[in-house]
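Next comes start-v8.cif, with mmCIF, C-alpha atoms.
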```cif
data_run
#
loop_
_atom_site.label_atom_id
_atom_site.label_comp_id
_atom_site.auth_asym_id
_atom_site.auth_seq_id
_atom_site.Cartn_x
_atom_site.Cartn_y
_atom_site.Cartn_z
CA MET O 1 112.71 72.34 102.05
CA SER O 2 112.85 76.01 102.32
CA ASP O 3 111.15 78.31 99.87
CA ILE O 4 113.96 80.85 99.84
CA LYS O 5 116.79 80.68 97.37
CA VAL O 6 119.84 82.71 98.34
CA ARG O 7 122.95 83.29 96.26
CA ALA O 8 125.77 85.43 97.62
CA LYS O 9 128.70 86.06 95.37
CA LEU O 10 131.90 87.99 95.88
CA ASP O 11 132.62 90.52 93.11
CA GLY O 12 135.89 92.30 93.92
CA THR O 13 135.23 94.07 97.23
CA GLU O 14 131.46 93.85 96.87
CA THR O 15 129.25 90.97 97.85
CA VAL O 16 126.20 90.69 95.62
CA VAL O 17 123.25 88.89 97.17
CA LYS O 18 120.29 87.70 95.13
CA CYS O 19 117.33 85.97 96.65
CA LEU O 20 114.06 84.57 95.48
CA ILE O 21 111.22 83.83 97.91
CA SER O 22 108.14 81.74 97.20
CA HIS O 23 105.16 83.72 98.45
CA PRO O 24 101.71 84.61 97.02
CA MET O 25 102.07 88.35 97.91
CA GLU O 26 98.31 88.98 97.87
CA ASN O 27 97.69 92.68 98.48
CA GLY O 28 94.09 92.21 99.66
CA LEU O 29 92.70 94.36 96.83
CA ARG O 30 92.42 91.69 94.15
CA LYS O 31 89.15 89.91 93.45
CA ASP O 32 88.95 86.19 92.87
CA ALA O 33 88.03 85.67 89.21
CA LYS O 34 85.48 82.94 90.00
CA THR O 35 83.75 84.05 93.18
CA GLY O 36 84.18 87.81 92.78
CA GLU O 37 85.23 88.05 96.42
CA LEU O 38 88.32 89.85 97.60
CA VAL O 39 91.30 87.60 98.12
CA PRO O 40 92.52 88.24 101.69
CA ALA O 41 95.81 90.09 102.07
CA HIS O 42 98.78 87.79 102.51
CA PHE O 43 102.13 89.38 101.86
CA ILE O 44 105.62 89.67 103.28
CA GLU O 45 105.97 92.72 105.50
CA GLU O 46 109.59 92.48 106.45
CA VAL O 47 112.75 90.86 105.15
CA VAL O 48 115.86 91.01 107.31
CA CYS O 49 119.19 90.31 105.63
CA LYS O 50 122.15 89.52 107.85
CA TRP O 51 125.82 88.93 107.20
CA LYS O 52 127.70 87.15 110.02
CA GLY O 53 124.85 88.13 112.34
CA GLU O 54 125.05 91.85 111.43
CA VAL O 55 121.94 93.37 109.83
CA VAL O 56 122.89 94.61 106.36
CA LEU O 57 119.46 95.42 104.98
CA THR O 58 115.90 95.51 106.33
CA ALA O 59 113.20 95.58 103.68
CA SER O 60 109.63 96.62 104.48
CA TRP O 61 107.17 95.66 101.80
CA SER O 62 103.53 96.19 100.92
CA GLY O 63 101.43 93.88 98.78
CA GLY O 64 102.72 95.91 95.83
CA VAL O 65 105.81 93.75 95.54
CA SER O 66 105.36 91.05 92.88
CA LYS O 67 104.38 87.47 93.66
CA ASN O 68 107.37 85.25 94.46
CA PRO O 69 109.50 88.28 95.31
CA TYR O 70 113.01 88.84 94.05
CA LEU O 71 115.47 90.93 96.04
CA SER O 72 119.03 91.83 95.28
CA PHE O 73 121.42 94.00 97.28
CA LYS O 74 125.14 94.61 97.71
CA PHE O 75 127.43 95.13 100.66
CA LEU O 76 131.10 95.65 101.44
CA GLY O 77 133.37 93.58 103.65
CA GLY O 78 132.17 90.06 102.88
CA ALA O 79 134.63 87.18 102.50
CA ALA O 80 134.17 83.79 100.88
CA GLY O 81 132.44 81.39 103.24
CA ASP O 82 130.77 84.07 105.40
CA PRO O 83 127.13 83.22 106.12
CA VAL O 84 124.37 85.41 104.66
CA GLU O 85 121.00 84.92 106.32
CA ILE O 86 117.64 85.99 104.88
CA THR O 87 114.55 85.96 107.10
CA TRP O 88 111.06 87.03 106.06
CA LYS O 89 107.91 87.62 108.07
CA ASP O 90 104.44 88.09 106.57
CA ASN O 91 101.24 89.81 107.74
CA LEU O 92 99.84 86.51 109.01
CA GLY O 93 102.82 86.01 111.29
CA GLN O 94 104.43 83.26 109.24
CA SER O 95 108.15 83.42 108.73
CA GLN O 96 111.01 81.56 107.18
CA SER O 97 114.77 81.80 107.15
CA GLU O 98 117.60 80.59 104.94
CA THR O 99 121.38 80.87 105.20
CA ALA O 100 123.90 80.57 102.39
CA PRO O 101 127.68 81.03 102.37
CA ILE O 102 129.35 83.67 100.19
CA SER O 103 130.99 82.05 97.18
CA MET W 1 80.71 92.65 136.72
CA ILE W 2 80.61 92.81 132.96
CA ASP W 3 80.65 96.55 133.15
CA THR W 4 83.85 96.71 135.21
CA THR W 5 85.63 94.51 132.70
CA ARG W 6 84.45 96.82 129.98
CA ARG W 7 85.79 99.87 131.86
CA THR W 8 89.16 98.19 132.35
CA LEU W 9 89.30 97.35 128.68
CA LEU W 10 88.46 100.91 127.72
CA LYS W 11 91.09 102.31 130.06
CA GLY W 12 93.60 99.88 128.63
CA SER W 13 92.94 100.93 125.06
CA LEU W 14 93.11 104.60 126.03
CA ALA W 15 96.51 104.07 127.56
CA ILE W 16 97.79 102.42 124.39
CA GLY W 17 96.26 105.08 122.16
CA PRO W 18 98.70 108.02 122.55
CA VAL W 19 101.75 105.75 122.42
CA GLY W 20 100.56 104.25 119.15
CA ALA W 21 99.94 107.72 117.74
CA ALA W 22 103.42 108.89 118.71
CA VAL W 23 104.98 105.94 116.94
CA ALA W 24 102.96 106.63 113.80
CA LEU W 25 104.07 110.27 113.76
CA ALA W 26 107.80 109.56 113.98
CA PRO W 27 109.66 109.62 110.67
CA GLY W 28 109.08 106.15 109.43
CA LEU W 29 112.15 105.06 107.52
CA LEU W 30 114.42 104.92 110.52
CA LEU W 31 111.79 103.26 112.62
CA ALA W 32 112.07 99.56 113.21
CA GLY W 33 109.05 97.56 112.17
CA TRP W 34 106.43 97.91 109.51
CA ASN W 35 105.20 101.44 108.82
CA GLN W 36 101.49 100.82 108.55
CA ALA W 37 100.50 104.46 108.05
CA ALA W 38 102.86 104.89 105.11
CA PHE W 39 102.02 101.60 103.46
CA GLU W 40 98.27 102.14 103.76
CA SER W 41 98.36 105.71 102.44
CA GLN W 42 96.31 106.03 99.29
CA ASP W 43 97.98 109.05 97.72
CA LEU W 44 101.55 109.98 96.99
CA GLY W 45 101.69 112.99 99.30
CA SER W 46 100.58 111.25 102.45
CA ALA W 47 102.62 108.12 101.68
CA LEU W 48 105.80 110.18 101.48
CA LYS W 49 104.85 112.25 104.48
CA ASN W 50 104.22 109.18 106.61
CA LEU W 51 107.43 107.64 105.39
CA LEU W 52 109.83 110.56 105.61
CA GLY W 53 108.25 112.88 108.13
CA SER W 54 107.58 116.37 106.85
CA SER W 55 110.31 116.81 104.26
CA ALA W 56 109.49 116.42 100.58
CA PRO W 57 112.33 114.83 98.60
CA GLU W 58 114.38 116.92 96.16
CA THR W 59 114.80 115.67 92.63
CA ASN W 60 118.38 114.58 92.08
CA ASP W 61 119.90 112.83 89.07
CA ALA W 62 122.42 111.06 91.28
CA VAL W 63 119.53 108.78 92.18
CA ARG W 64 119.29 106.28 89.38
CA ILE W 65 116.15 104.25 88.85
CA LYS W 66 116.23 101.50 86.30
CA ALA W 67 112.95 100.06 85.03
CA PRO W 68 111.63 99.15 81.58
CA ASP W 69 110.07 101.93 79.43
CA LEU W 70 107.32 99.52 78.59
CA ALA W 71 106.15 96.73 80.88
CA GLU W 72 104.20 94.00 79.13
CA ASN W 73 102.99 92.64 82.42
CA GLY W 74 102.13 95.11 85.19
CA ALA W 75 102.26 92.35 87.79
CA VAL W 76 106.02 91.97 87.42
CA VAL W 77 108.01 95.14 86.76
CA PRO W 78 111.73 94.87 87.53
CA VAL W 79 113.10 97.93 89.34
CA THR W 80 116.66 98.72 90.36
CA VAL W 81 117.55 101.75 92.45
CA GLU W 82 121.15 102.84 92.75
CA THR W 83 122.88 106.06 93.73
CA SER W 84 126.31 107.62 93.89
CA LEU W 85 125.30 109.69 96.94
CA PRO W 86 127.27 108.85 100.10
CA ASN W 87 125.89 107.90 103.53
CA VAL W 88 122.54 106.66 102.31
CA THR W 89 120.43 105.33 105.17
CA ALA W 90 117.31 104.21 103.34
CA ILE W 91 115.76 103.66 99.93
CA ALA W 92 112.06 103.59 99.03
CA ILE W 93 110.16 102.65 95.87
CA VAL W 94 106.81 104.29 95.08
CA ALA W 95 104.42 103.43 92.22
CA VAL W 96 102.29 106.54 91.82
CA GLY W 97 99.39 104.88 89.97
CA ASN W 98 98.80 102.16 92.56
CA GLU W 99 95.98 102.19 95.08
CA ARG W 100 98.66 101.91 97.78
CA PRO W 101 101.53 103.90 96.23
CA LEU W 102 104.32 102.96 98.64
CA VAL W 103 105.60 99.58 97.49
CA ALA W 104 108.78 98.99 99.42
CA SER W 105 111.25 100.67 101.71
CA PHE W 106 114.71 99.45 102.61
CA VAL W 107 116.80 100.45 105.62
CA LEU W 108 120.50 100.06 104.91
CA GLY W 109 122.94 98.84 107.52
CA PRO W 110 126.50 100.23 107.77
CA ALA W 111 127.94 97.63 105.37
CA ALA W 112 125.25 97.93 102.70
CA LEU W 113 125.87 99.72 99.40
CA PRO W 114 123.10 102.03 98.11
CA TYR W 115 121.70 99.48 95.68
CA VAL W 116 118.48 97.46 95.70
CA SER W 117 116.76 95.52 92.99
CA THR W 118 113.32 93.93 93.14
CA ARG W 119 110.13 93.40 91.15
CA VAL W 120 106.94 95.35 91.76
CA LYS W 121 103.31 95.39 90.64
CA MET W 122 101.97 98.39 88.74
CA ALA W 123 98.23 98.91 88.35
CA LYS W 124 98.57 101.14 85.28
CA THR W 125 100.92 103.35 83.27
CA ALA W 126 102.44 105.68 85.83
CA ASP W 127 105.59 107.10 87.35
CA LEU W 128 107.86 105.03 89.52
CA ILE W 129 109.66 107.13 92.11
CA ALA W 130 112.84 106.16 93.87
CA VAL W 131 113.47 107.99 97.14
CA VAL W 132 116.88 107.92 98.77
CA GLN W 133 117.29 109.14 102.32
CA GLN W 134 120.58 110.62 103.46
CA GLY W 135 120.31 111.48 107.13
CA GLU W 136 117.69 114.20 107.41
CA ARG W 137 117.55 114.93 103.69
CA SER W 138 115.95 112.92 100.94
CA PHE W 139 116.35 112.86 97.19
CA SER W 140 114.26 111.30 94.48
CA ASN W 141 114.14 110.51 90.81
CA THR W 142 111.27 109.44 88.59
CA LYS W 143 110.84 107.03 85.74
CA ASN W 144 107.65 106.62 83.72
CA VAL W 145 106.67 103.05 82.92
CA LYS W 146 103.99 102.22 80.36
CA VAL W 147 101.96 99.20 81.37
CA THR W 148 100.20 97.41 78.53
CA ILE W 149 98.37 94.71 80.51
CA GLY W 150 96.84 95.60 83.88
CA GLY W 151 98.61 94.60 87.06
CA CYS W 152 96.97 93.33 90.17
CA GLY W 153 95.58 96.58 91.46
CA GLY W 154 98.79 97.39 93.32
#
```

Written form, structure tokens:
Amino acid sequence: MSDIKVRAKLDGTETVVKCLISHPMENGLRKDAKTGELVPAHFIEEVVCKWKGEVVLTASWSGGVSKNPYLSFKFLGGAAGDPVEITWKDNLGQSQSETAPIS
Amino acid sequence: MIDTTRRTLLKGSLAIGPVGAAVALAPGLLLAGWNQAAFESQDLGSALKNLLGSSAPETNDAVRIKAPDLAENGAVVPVTVETSLPNVTAIAIVAVGNERPLVASFVLGPAALPYVSTRVKMAKTADLIAVVQQGERSFSNTKNVKVTIGGCGG
């Protein structure tokens, strides 16, 4: 079970991609309410979005992006059924990937 | 014995040093990988400088930034950046009031349209700046967002 939800939809000539990633996005500056200690940084640094293997968008993030990040972007040239792949990598080296067809 | 290992280590780190510095000095948006210098900058000026190189962005109304006038929750502020400018290579979002102002930067591939939408944290009422890079030049637009409940320190 992947923690990335990807929806890619054709709208005329544009393909609109919306994705939702489950991630704590801790920026390393927040204190734990109980212990008063800093919560270690744990956030997504890079999201690579590919369409048929071609990189459409590369996002670089800081811990300033909200928890469970949402990302939407658009591109030209997509056709129904083409695969859209979203891959993220965080500052601890974890990563995850999800592919969805354009509908 | 221990000392020789230490020397080798020192030499090794010296060799890496200048290369690392050169990478950090190159204009960041076009650079592959995570721009640590820009993301760890603590003020607007150095964040933009590390991100874009030397050039300061010009204000341009063709850059449209959509965000609420009033955010009830600073931890989740929806932001959409869009522009009618052609040949956009990169887009960045900056929250001026945050401890680390640069929130996100996006490098657009040839097929991508100049549009990104995401959600960001805002530590306090402040300006959100959208920066759009078009080759060597960059343009920006600003939107003030009032935050009623504190975010997560951005």

Next item on the list: Would you work out the distance separating CA of Ala90 in chain W from CA of Val131 in chain W, expressed in Å to one decimal?
Entry: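 Rounded to one decimal, the two atoms are 8.2 Å apart.
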
Could the residues of chain W that have an atom at most 6 Å from chain O be listed as a Markdown table, each with its closest atom pair and the distance in Å to one decimal, counting all atoms listed in the file and ordered by chain and ascending residue number?
```
| residue | atom | partner | partner_atom | distance |
| --- | --- | --- | --- | --- |
| W:Val76 | CA | O:Ser66 | CA | 5.6 |
| W:Val103 | CA | O:Gly64 | CA | 5.0 |
| W:Ala104 | CA | O:Trp61 | CA | 4.4 |
| W:Ser105 | CA | O:Ser60 | CA | 5.2 |
| W:Phe106 | CA | O:Ala59 | CA | 4.3 |
| W:Val107 | CA | O:Thr58 | CA | 5.1 |
| W:Leu108 | CA | O:Leu57 | CA | 4.8 |
| W:Gly109 | CA | O:Val56 | CA | 4.4 |
| W:Ala111 | CA | O:Phe75 | CA | 5.4 |
| W:Ala112 | CA | O:Phe75 | CA | 4.1 |
| W:Leu113 | CA | O:Phe75 | CA | 5.0 |
| W:Tyr115 | CA | O:Phe73 | CA | 5.7 |
| W:Val116 | CA | O:Phe73 | CA | 4.8 |
| W:Ser117 | CA | O:Ser72 | CA | 4.9 |
| W:Thr118 | CA | O:Leu71 | CA | 4.7 |
| W:Arg119 | CA | O:Ser66 | CA | 5.6 |
| W:Val120 | CA | O:Val65 | CA | 4.3 |
| W:Lys121 | CA | O:Gly64 | CA | 5.2 |
| W:Gly154 | CA | O:Gly64 | CA | 4.9 |
```

Item checked: Answer as a VMD selection string, residues within 10 Å of (103.3, 103.2, 98.4) using all atoms listed in the file -> (chain O and resid 61 to 64) or (chain W and resid 38 to 48 51 92 to 105 129 154)

Notebook entry, point to check: Interatomic distance between CA of Ala8 in chain O and CA of Val63 in chain W?
Noted result: 24.8 Å

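What the PyMOL selection byres ((chain O and resi 92) around 9) grabs from this file is Ala41, His42, Phe43, Ile44, Lys89, Asp90, Asn91, Gly93, Gln94 and Ser95 of chain O.
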
Margin query: To one decimal place in Å, what is the distance between CA of Ile91 in chain W and CA of Val145 in chain W?
Written below: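 Rounded to one decimal, the two atoms are 19.3 Å apart.
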
Margin query: Evaluate the PyMOL selection byres ((chain O and resi 83) around 8) against this structure - the residues, as number ranges by chain, please.
Written below: O: 51-52, 81-82, 84-85, 99-102

Give me the result of the PyMOL selection byres ((chain W and resi 134) around 9) on this file, residue by residue, as a JSON list (two decimals) with C-alpha atoms, keeping the file's coordinate frame.
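Generated output (expr-v8.json):
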```
[["chain", "number", "residue", "atom", "x", "y", "z"],
["W", 85, "LEU", "CA", 125.30, 109.69, 96.94],
["W", 86, "PRO", "CA", 127.27, 108.85, 100.10],
["W", 87, "ASN", "CA", 125.89, 107.90, 103.53],
["W", 88, "VAL", "CA", 122.54, 106.66, 102.31],
["W", 89, "THR", "CA", 120.43, 105.33, 105.17],
["W", 90, "ALA", "CA", 117.31, 104.21, 103.34],
["W", 132, "VAL", "CA", 116.88, 107.92, 98.77],
["W", 133, "GLN", "CA", 117.29, 109.14, 102.32],
["W", 135, "GLY", "CA", 120.31, 111.48, 107.13],
["W", 136, "GLU", "CA", 117.69, 114.20, 107.41],
["W", 137, "ARG", "CA", 117.55, 114.93, 103.69],
["W", 138, "SER", "CA", 115.95, 112.92, 100.94],
["W", 139, "PHE", "CA", 116.35, 112.86, 97.19]]
```

Build an axis-aligned box that encloses every atom of range 114-132 of chain W listed in the file, pad it by 3 Å on each side, and report its centre and edge lengths in Å to one decimal, as AutoDock Vina command-line options.
```
--center_x 110.7 --center_y 100.7 --center_z 91.0 --size_x 30.9 --size_y 20.6 --size_z 21.5
```

Export range 38-117 of chain W, C-alpha atoms, as a short mmCIF file (atom, residue, chain, number, x, y, z; two decimals), in the first residue's frame; it's the structure right above.
```cif
data_model
loop_
_atom_site.label_atom_id
_atom_site.label_comp_id
_atom_site.auth_asym_id
_atom_site.auth_seq_id
_atom_site.Cartn_x
_atom_site.Cartn_y
_atom_site.Cartn_z
CA ALA W 38 19.08 28.31 -0.36
CA PHE W 39 16.79 26.20 1.79
CA GLU W 40 18.78 26.86 4.96
CA SER W 41 19.03 30.62 4.41
CA GLN W 42 17.38 32.51 7.23
CA ASP W 43 16.56 35.76 5.46
CA LEU W 44 14.86 36.62 2.23
CA GLY W 45 17.87 38.23 0.56
CA SER W 46 20.26 35.35 0.97
CA ALA W 47 17.59 32.75 0.17
CA LEU W 48 16.90 34.40 -3.18
CA LYS W 49 20.57 34.96 -3.83
CA ASN W 50 21.41 31.32 -3.18
CA LEU W 51 18.50 30.24 -5.30
CA LEU W 52 18.82 32.53 -8.30
CA GLY W 53 22.44 33.57 -8.29
CA SER W 54 23.00 37.32 -8.14
CA SER W 55 19.91 38.65 -9.88
CA ALA W 56 17.05 40.04 -7.81
CA PRO W 57 13.64 39.29 -9.33
CA GLU W 58 11.59 42.08 -10.93
CA THR W 59 8.00 42.54 -9.82
CA ASN W 60 5.67 41.52 -12.62
CA ASP W 61 1.88 41.21 -12.55
CA ALA W 62 2.01 38.43 -15.12
CA VAL W 63 3.05 36.24 -12.21
CA ARG W 64 -0.13 35.30 -10.43
CA ILE W 65 -0.05 34.01 -6.88
CA LYS W 66 -3.26 32.72 -5.41
CA ALA W 67 -3.52 32.29 -1.64
CA PRO W 68 -6.18 33.16 0.93
CA ASP W 69 -6.25 36.73 2.35
CA LEU W 70 -6.75 35.20 5.74
CA ALA W 71 -5.45 31.78 6.76
CA GLU W 72 -7.14 30.32 9.81
CA ASN W 73 -4.45 27.72 10.16
CA GLY W 74 -0.87 28.73 9.39
CA ALA W 75 0.18 25.09 9.11
CA VAL W 76 -1.82 24.61 5.92
CA VAL W 77 -1.96 27.56 3.53
CA PRO W 78 -2.95 26.65 -0.04
CA VAL W 79 -0.84 28.44 -2.66
CA THR W 80 -1.14 28.37 -6.44
CA VAL W 81 1.38 30.04 -8.71
CA GLU W 82 0.58 30.57 -12.36
CA THR W 83 1.92 32.84 -15.08
CA SER W 84 1.25 33.87 -18.65
CA LEU W 85 4.97 34.41 -19.26
CA PRO W 86 6.46 32.06 -21.88
CA ASN W 87 9.50 29.78 -21.52
CA VAL W 88 9.38 29.51 -17.76
CA THR W 89 12.10 27.21 -16.46
CA ALA W 90 11.44 27.31 -12.73
CA ILE W 91 9.04 28.49 -10.05
CA ALA W 92 9.78 29.14 -6.37
CA ILE W 93 7.58 29.90 -3.36
CA VAL W 94 8.94 32.00 -0.47
CA ALA W 95 7.21 32.73 2.86
CA VAL W 96 8.96 35.85 4.14
CA GLY W 97 7.97 35.45 7.81
CA ASN W 98 9.31 31.91 8.18
CA GLU W 99 12.56 31.04 9.90
CA ARG W 100 13.59 29.34 6.64
CA PRO W 101 11.89 31.57 4.04
CA LEU W 102 12.38 29.42 0.95
CA VAL W 103 9.61 26.83 1.03
CA ALA W 104 9.67 25.16 -2.35
CA SER W 105 11.21 25.41 -5.78
CA PHE W 106 10.07 23.62 -8.91
CA VAL W 107 12.08 22.97 -12.06
CA LEU W 108 9.83 22.65 -15.09
CA GLY W 109 10.53 20.18 -17.86
CA PRO W 110 9.81 20.99 -21.53
CA ALA W 111 6.24 19.66 -21.38
CA ALA W 112 5.24 21.36 -18.13
CA LEU W 113 2.94 24.39 -18.06
CA PRO W 114 3.89 27.26 -15.70
CA TYR W 115 1.48 26.22 -12.97
CA VAL W 116 2.04 24.68 -9.54
CA SER W 117 -0.25 24.34 -6.59
#
```
